[in-house]
>>> print(open('target-v4.pdb').read())   # PDB, C-alpha atoms
ATOM      1  CA  ILE A   1      36.722   4.758  23.053
ATOM      2  CA  LYS A   2      39.681   3.040  24.649
ATOM      3  CA  VAL A   3      39.183   0.334  27.247
ATOM      4  CA  SER A   4      41.863  -1.989  28.603
ATOM      5  CA  GLY A   5      44.164  -1.382  25.664
ATOM      6  CA  ILE A   6      41.449  -1.923  23.057
ATOM      7  CA  SER A   7      40.934   1.037  20.798
ATOM      8  CA  LEU A   8      38.382   1.673  18.073
ATOM      9  CA  ASP A   9      40.796   4.059  16.352
ATOM     10  CA  THR A  10      42.024   1.947  13.418
ATOM     11  CA  ASN A  11      43.946   4.864  11.879
ATOM     12  CA  ALA A  12      46.419   5.125  14.749
ATOM     13  CA  GLU A  13      49.968   4.706  13.456
ATOM     14  CA  VAL A  14      52.125   2.043  15.107
ATOM     15  CA  HIS A  15      55.442   0.435  14.319
ATOM     16  CA  THR A  16      56.906  -2.876  15.427
ATOM     17  CA  VAL A  17      60.060  -3.325  17.477
ATOM     18  CA  ILE A  18      61.346  -6.820  18.261
ATOM     19  CA  ALA A  19      63.391  -8.037  21.235
ATOM     20  CA  ARG A  20      64.913 -11.328  22.384
ATOM     21  CA  PHE A  21      64.676 -12.319  26.047
ATOM     22  CA  ASP A  22      66.014 -15.318  27.970
ATOM     23  CA  ASP A  23      62.824 -15.488  30.060
ATOM     24  CA  VAL A  24      59.407 -13.862  29.576
ATOM     25  CA  SER A  25      57.547 -15.683  32.363
ATOM     26  CA  GLY A  26      54.177 -14.059  32.989
ATOM     27  CA  LEU A  27      54.317 -11.733  29.973
ATOM     28  CA  ARG A  28      51.265 -11.974  27.711
ATOM     29  CA  GLU A  29      50.059 -10.622  24.402
ATOM     30  CA  ARG A  30      48.561  -7.155  24.952
ATOM     31  CA  SER A  31      50.815  -6.546  27.995
ATOM     32  CA  LYS A  32      51.739  -2.896  28.082
ATOM     33  CA  VAL A  33      55.031  -1.425  26.910
ATOM     34  CA  THR A  34      56.122   1.671  28.820
ATOM     35  CA  MET A  35      58.848   4.279  28.899
ATOM     36  CA  ALA A  36      59.337   6.419  32.013
ATOM     37  CA  GLY A  37      56.060   5.011  33.359
ATOM     38  CA  VAL A  38      53.987   6.098  30.352
ATOM     39  CA  THR A  39      52.330   3.438  28.173
ATOM     40  CA  ILE A  40      53.669   3.752  24.621
ATOM     41  CA  GLY A  41      52.580   0.429  23.158
ATOM     42  CA  ARG A  42      51.556  -3.190  23.615
ATOM     43  CA  VAL A  43      53.050  -6.654  23.215
ATOM     44  CA  ALA A  44      51.713  -7.906  19.869
ATOM     45  CA  ASN A  45      53.099 -11.442  19.767
ATOM     46  CA  LEU A  46      55.342 -13.881  21.641
ATOM     47  CA  GLU A  47      57.336 -16.605  19.880
ATOM     48  CA  ILE A  48      60.087 -19.046  20.776
ATOM     49  CA  ASP A  49      63.376 -19.386  18.913
ATOM     50  CA  LEU A  50      64.086 -23.106  19.375
ATOM     51  CA  GLU A  51      67.605 -22.782  17.958
ATOM     52  CA  TYR A  52      68.755 -20.387  20.691
ATOM     53  CA  GLY A  53      66.155 -21.143  23.387
ATOM     54  CA  GLN A  54      65.051 -17.521  23.593
ATOM     55  CA  ALA A  55      61.690 -15.803  23.508
ATOM     56  CA  ILE A  56      61.058 -13.310  20.720
ATOM     57  CA  VAL A  57      58.712 -10.470  21.650
ATOM     58  CA  TYR A  58      57.023  -8.285  19.052
ATOM     59  CA  MET A  59      56.010  -4.888  20.445
ATOM     60  CA  GLU A  60      53.686  -2.453  18.687
ATOM     61  CA  ILE A  61      54.864   1.053  19.567
ATOM     62  CA  ASP A  62      52.466   3.979  19.133
ATOM     63  CA  GLY A  63      53.462   6.564  16.546
ATOM     64  CA  PRO A  64      55.759   6.516  13.540
ATOM     65  CA  PRO A  65      59.243   4.941  13.609
ATOM     66  CA  GLY A  66      62.094   7.169  14.695
ATOM     67  CA  SER A  67      61.220   7.703  18.338
ATOM     68  CA  LEU A  68      63.471   4.981  19.834
ATOM     69  CA  THR A  69      67.252   4.944  19.447
ATOM     70  CA  ILE A  70      69.041   1.760  18.373
ATOM     71  CA  ASP A  71      70.580   1.382  21.834
ATOM     72  CA  THR A  72      67.187   1.388  23.610
ATOM     73  CA  GLY A  73      67.056  -1.197  26.386
ATOM     74  CA  ALA A  74      64.141  -3.333  27.549
ATOM     75  CA  GLN A  75      63.356  -5.100  30.790
ATOM     76  CA  ILE A  76      60.392  -7.139  31.961
ATOM     77  CA  LEU A  77      58.946  -5.804  35.205
ATOM     78  CA  THR A  78      55.992  -6.554  37.470
ATOM     79  CA  GLU A  79      53.315  -4.062  38.513
ATOM     80  CA  GLY A  80      53.355  -4.136  42.305
ATOM     81  CA  VAL A  81      54.303  -7.276  44.216
ATOM     82  CA  LEU A  82      52.115  -9.794  42.398
ATOM     83  CA  GLY A  83      50.823  -7.703  39.493
ATOM     84  CA  ALA A  84      50.893  -8.212  35.751
ATOM     85  CA  ARG A  85      54.144  -8.309  33.777
ATOM     86  CA  TYR A  86      54.991  -5.541  31.334
ATOM     87  CA  ILE A  87      57.964  -4.287  29.330
ATOM     88  CA  SER A  88      59.755  -1.112  30.301
ATOM     89  CA  LEU A  89      61.872   0.493  27.593
ATOM     90  CA  LEU A  90      64.937   2.448  28.649
ATOM     91  CA  PRO A  91      65.962   5.282  26.314
ATOM     92  CA  GLY A  92      69.395   5.198  24.781
ATOM     93  CA  ALA A  93      71.690   7.992  23.645
ATOM     94  CA  ASP A  94      72.597   6.923  20.106
ATOM     95  CA  VAL A  95      71.934   9.230  17.163
ATOM     96  CA  ASP A  96      70.446   6.448  14.992
ATOM     97  CA  PHE A  97      66.853   5.297  15.424
ATOM     98  CA  LEU A  98      65.037   1.970  15.255
ATOM     99  CA  GLN A  99      62.843   1.470  12.205
ATOM    100  CA  ASP A 100      59.754  -0.686  11.764
ATOM    101  CA  GLY A 101      60.677  -4.351  12.300
ATOM    102  CA  ASP A 102      64.110  -3.706  13.857
ATOM    103  CA  PHE A 103      65.461  -5.794  16.756
ATOM    104  CA  LEU A 104      66.713  -4.262  19.997
ATOM    105  CA  LEU A 105      70.399  -4.974  20.535
ATOM    106  CA  GLU A 106      70.966  -8.433  22.060
ATOM    107  CA  GLY A 107      72.701  -7.264  25.245
ATOM    108  CA  ASN A 108      70.120  -4.563  25.968
ATOM    109  CA  THR A 109      67.350  -6.828  27.281
ATOM    110  CA  GLN A 110      66.703  -8.168  30.756
ATOM    111  CA  GLY A 111      64.261 -11.032  31.199
ATOM    112  CA  ALA A 112      61.650 -11.553  33.875
ATOM    113  CA  PHE A 113      62.703 -11.990  37.491
ATOM    114  CA  VAL A 114      61.195 -15.319  38.505
ATOM    115  CA  LEU A 115      60.605 -15.571  42.244
ATOM    116  CA  GLU A 116      60.390 -19.366  42.134
ATOM    117  CA  ASN A 117      63.955 -19.562  40.766
ATOM    118  CA  LEU A 118      65.254 -17.375  43.580
ATOM    119  CA  ILE A 119      63.502 -19.501  46.224
ATOM    120  CA  GLY A 120      64.848 -22.683  44.614
ATOM    121  CA  ASP A 121      68.404 -21.300  44.697
ATOM    122  CA  LEU A 122      67.994 -20.308  48.341
ATOM    123  CA  VAL A 123      66.702 -23.742  49.358
ATOM    124  CA  THR A 124      69.541 -25.426  47.467
ATOM    125  CA  ARG A 125      72.159 -23.265  49.198
ATOM    126  CA  LEU A 126      70.628 -23.779  52.638
ATOM    127  CA  GLY A 127      70.553 -27.544  52.052
ATOM    128  CA  ALA A 128      74.236 -27.558  51.067
ATOM    129  CA  GLU A 129      75.356 -26.007  54.357
TER     130      GLU A 129
END
>>> encode(input="target-v4.pdb", output="structure tokens")
Amino acid sequence: IKVSGISLDTNAEVHTVIARFDDVSGLRERSKVTMAGVTIGRVANLEIDLEYGQAIVYMEIDGPPGSLTIDTGAQILTEGVLGARYISLLPGADVDFLQDGDFLLEGNTQGAFVLENLIGDLVTRLGAE
């Protein structure tokens, strides 16, 4: 039985991949992780790194390690116009693979697009003219 990301299969193998993002607005634990539109995992935990002011996202990826290359990218997207946030992984082309507990490369992540920030920038620019 699998409902809303909850599974009774406790023997399913997963591995953890970690990423740093500048902004994870709207992302929650249990948000889906996809690749090419197919759900391959879930967000397991969200933390803050106070030293660098970044969010650290722990993702549980279905299956054994060795399916994602070390140059895999990640971006936070929104389902539809006002839907839930999720992480989309973008496959890389490297020959080496991420292992359990590895971080995605720092420059390969793109944080959430925050509509309020865009509107604030627009209002500021219009007011300056």
>>> closest_residue(input="target-v4.pdb", among="A:Gly83, A:Gly107, A:Asp62, A:Pro91", to="A:Val33", atoms="all atoms listed in the file")
A:Asp62
>>> closest_residue(input="target-v4.pdb", among="A:Leu126, A:Val43, A:Ala19, A:Ile56", to="A:Asn108", atoms="only C-alpha atoms")
A:Ala19
>>> resolve_selection(input="target-v4.pdb", expression="the PyMOL selection byres ((chain A and resi 40) around 10)", output="JSON, numbers by chain")
{"A": [14, 32, 33, 34, 35, 36, 37, 38, 39, 41, 42, 59, 60, 61, 62, 63, 88, 89]}
>>> atom_distance(input="target-v4.pdb", atom1="atom CA of A:Tyr52", atom2="atom CA of A:Asp96")
27.5 Å
>>> closest_residue(input="target-v4.pdb", among="A:Val123, A:Asp23, A:Gln75, A:Pro64", to="A:Gly101", atoms="all atoms listed in the file")
A:Pro64
>>> closest_residue(input="target-v4.pdb", among="A:Ile70, A:Ile87, A:Gly111, A:Phe103", to="A:Phe21", atoms="all atoms listed in the file")
A:Gly111
>>> closest_residue(input="target-v4.pdb", among="A:Leu104, A:Ile48, A:Ile18, A:Leu27", to="A:Tyr86", atoms="all atoms listed in the file")
A:Leu27
>>> axis_aligned_box(input="target-v4.pdb", around="stretch 54-59 of chain A", padding_each_side="3 Å", output="JSON")
{"center_x": 60.5, "center_y": -11.2, "center_z": 21.3, "size_x": 15.0, "size_y": 18.6, "size_z": 10.5}
>>> atom_distance(input="target-v4.pdb", atom1="atom CA of A:Ala112", atom2="atom CA of A:Val24")
5.4 Å
>>> resolve_selection(input="target-v4.pdb", expression="the PyMOL selection byres ((chain A and resi 69) around 6)", output="PDB file with C-alpha atoms, in the frame of the given file")
ATOM      1  CA  LEU A  68      63.471   4.981  19.834  1.00  0.00           C
ATOM      2  CA  ILE A  70      69.041   1.760  18.373  1.00  0.00           C
ATOM      3  CA  ASP A  71      70.580   1.382  21.834  1.00  0.00           C
ATOM      4  CA  THR A  72      67.187   1.388  23.610  1.00  0.00           C
ATOM      5  CA  GLY A  92      69.395   5.198  24.781  1.00  0.00           C
ATOM      6  CA  ASP A  94      72.597   6.923  20.106  1.00  0.00           C
ATOM      7  CA  ASP A  96      70.446   6.448  14.992  1.00  0.00           C
ATOM      8  CA  PHE A  97      66.853   5.297  15.424  1.00  0.00           C
ATOM      9  CA  LEU A  98      65.037   1.970  15.255  1.00  0.00           C
TER      10      LEU A  98
END
>>> atom_distance(input="target-v4.pdb", atom1="atom CA of A:Tyr58", atom2="atom CA of A:Ala84")
17.8 Å
>>> resolve_selection(input="target-v4.pdb", expression="the PyMOL selection byres ((chain A and resi 46) around 7)", output="list in words")
Glu29, Asn45, Glu47, Ala55, Ile56, Val57 and Tyr58 of chain A
>>> closest_residue(input="target-v4.pdb", among="A:Arg20, A:Asp49, A:Leu90, A:Arg30", to="A:Gly73", atoms="all atoms listed in the file")
A:Leu90
>>> build_atoms(input="target-v4.pdb", residues="stretch 43-54 of chain A", atoms="all heavy atoms", output="short mmCIF file (atom, residue, chain, number, x, y, z; two decimals), in the frame of the given file")
data_model
loop_
_atom_site.label_atom_id
_atom_site.label_comp_id
_atom_site.auth_asym_id
_atom_site.auth_seq_id
_atom_site.Cartn_x
_atom_site.Cartn_y
_atom_site.Cartn_z
N VAL A 43 52.44 -5.44 23.74
CA VAL A 43 53.05 -6.65 23.22
C VAL A 43 52.09 -7.23 22.18
O VAL A 43 50.92 -7.48 22.48
CB VAL A 43 53.32 -7.68 24.33
CG1 VAL A 43 53.79 -9.00 23.75
CG2 VAL A 43 54.35 -7.13 25.32
N ALA A 44 52.56 -7.41 20.96
CA ALA A 44 51.71 -7.91 19.87
C ALA A 44 51.77 -9.42 19.74
O ALA A 44 50.77 -10.06 19.43
CB ALA A 44 52.13 -7.26 18.55
N ASN A 45 52.95 -10.00 19.98
CA ASN A 45 53.10 -11.44 19.77
C ASN A 45 54.31 -11.95 20.54
O ASN A 45 55.28 -11.22 20.73
CB ASN A 45 53.26 -11.72 18.27
CG ASN A 45 53.14 -13.18 17.92
OD1 ASN A 45 52.58 -13.97 18.67
ND2 ASN A 45 53.69 -13.56 16.78
N LEU A 46 54.23 -13.20 20.97
CA LEU A 46 55.34 -13.88 21.64
C LEU A 46 55.64 -15.16 20.87
O LEU A 46 54.73 -15.92 20.55
CB LEU A 46 54.98 -14.24 23.08
CG LEU A 46 54.62 -13.10 24.01
CD1 LEU A 46 53.94 -13.62 25.26
CD2 LEU A 46 55.86 -12.31 24.38
N GLU A 47 56.92 -15.39 20.57
CA GLU A 47 57.34 -16.60 19.88
C GLU A 47 58.55 -17.18 20.57
O GLU A 47 59.20 -16.50 21.38
CB GLU A 47 57.70 -16.30 18.42
CG GLU A 47 56.55 -15.85 17.56
CD GLU A 47 56.97 -15.56 16.12
OE1 GLU A 47 58.18 -15.66 15.81
OE2 GLU A 47 56.09 -15.22 15.32
N ILE A 48 58.89 -18.42 20.23
CA ILE A 48 60.09 -19.05 20.78
C ILE A 48 61.05 -19.33 19.63
O ILE A 48 60.64 -19.78 18.56
CB ILE A 48 59.75 -20.34 21.56
CG1 ILE A 48 60.98 -20.95 22.23
CG2 ILE A 48 59.09 -21.36 20.67
CD1 ILE A 48 61.46 -20.21 23.42
N ASP A 49 62.32 -19.04 19.86
CA ASP A 49 63.38 -19.39 18.91
C ASP A 49 64.00 -20.67 19.45
O ASP A 49 64.80 -20.64 20.40
CB ASP A 49 64.40 -18.26 18.83
CG ASP A 49 65.52 -18.56 17.85
OD1 ASP A 49 65.69 -19.73 17.45
OD2 ASP A 49 66.24 -17.60 17.48
N LEU A 50 63.63 -21.81 18.88
CA LEU A 50 64.09 -23.11 19.38
C LEU A 50 65.59 -23.30 19.19
O LEU A 50 66.22 -24.02 19.96
CB LEU A 50 63.32 -24.24 18.70
CG LEU A 50 61.83 -24.29 19.04
CD1 LEU A 50 61.12 -25.35 18.20
CD2 LEU A 50 61.63 -24.56 20.53
N GLU A 51 66.17 -22.63 18.20
CA GLU A 51 67.60 -22.78 17.96
C GLU A 51 68.43 -22.19 19.10
O GLU A 51 69.42 -22.77 19.53
CB GLU A 51 67.98 -22.10 16.64
CG GLU A 51 69.44 -22.28 16.27
CD GLU A 51 69.78 -21.67 14.92
OE1 GLU A 51 68.87 -21.28 14.18
OE2 GLU A 51 70.98 -21.59 14.62
N TYR A 52 68.00 -21.05 19.63
CA TYR A 52 68.76 -20.39 20.69
C TYR A 52 68.07 -20.47 22.06
O TYR A 52 68.62 -20.01 23.05
CB TYR A 52 68.99 -18.91 20.33
CG TYR A 52 69.87 -18.76 19.11
CD1 TYR A 52 69.31 -18.43 17.88
CD2 TYR A 52 71.24 -18.96 19.18
CE1 TYR A 52 70.11 -18.30 16.75
CE2 TYR A 52 72.05 -18.83 18.07
CZ TYR A 52 71.48 -18.51 16.84
OH TYR A 52 72.27 -18.39 15.74
N GLY A 53 66.87 -21.01 22.12
CA GLY A 53 66.16 -21.14 23.39
C GLY A 53 65.76 -19.80 23.98
O GLY A 53 65.77 -19.64 25.20
N GLN A 54 65.44 -18.85 23.13
CA GLN A 54 65.05 -17.52 23.59
C GLN A 54 63.64 -17.20 23.15
O GLN A 54 63.13 -17.75 22.16
CB GLN A 54 65.99 -16.45 23.03
CG GLN A 54 67.39 -16.51 23.58
CD GLN A 54 68.25 -15.43 22.96
OE1 GLN A 54 68.25 -15.21 21.76
NE2 GLN A 54 69.00 -14.74 23.81
#
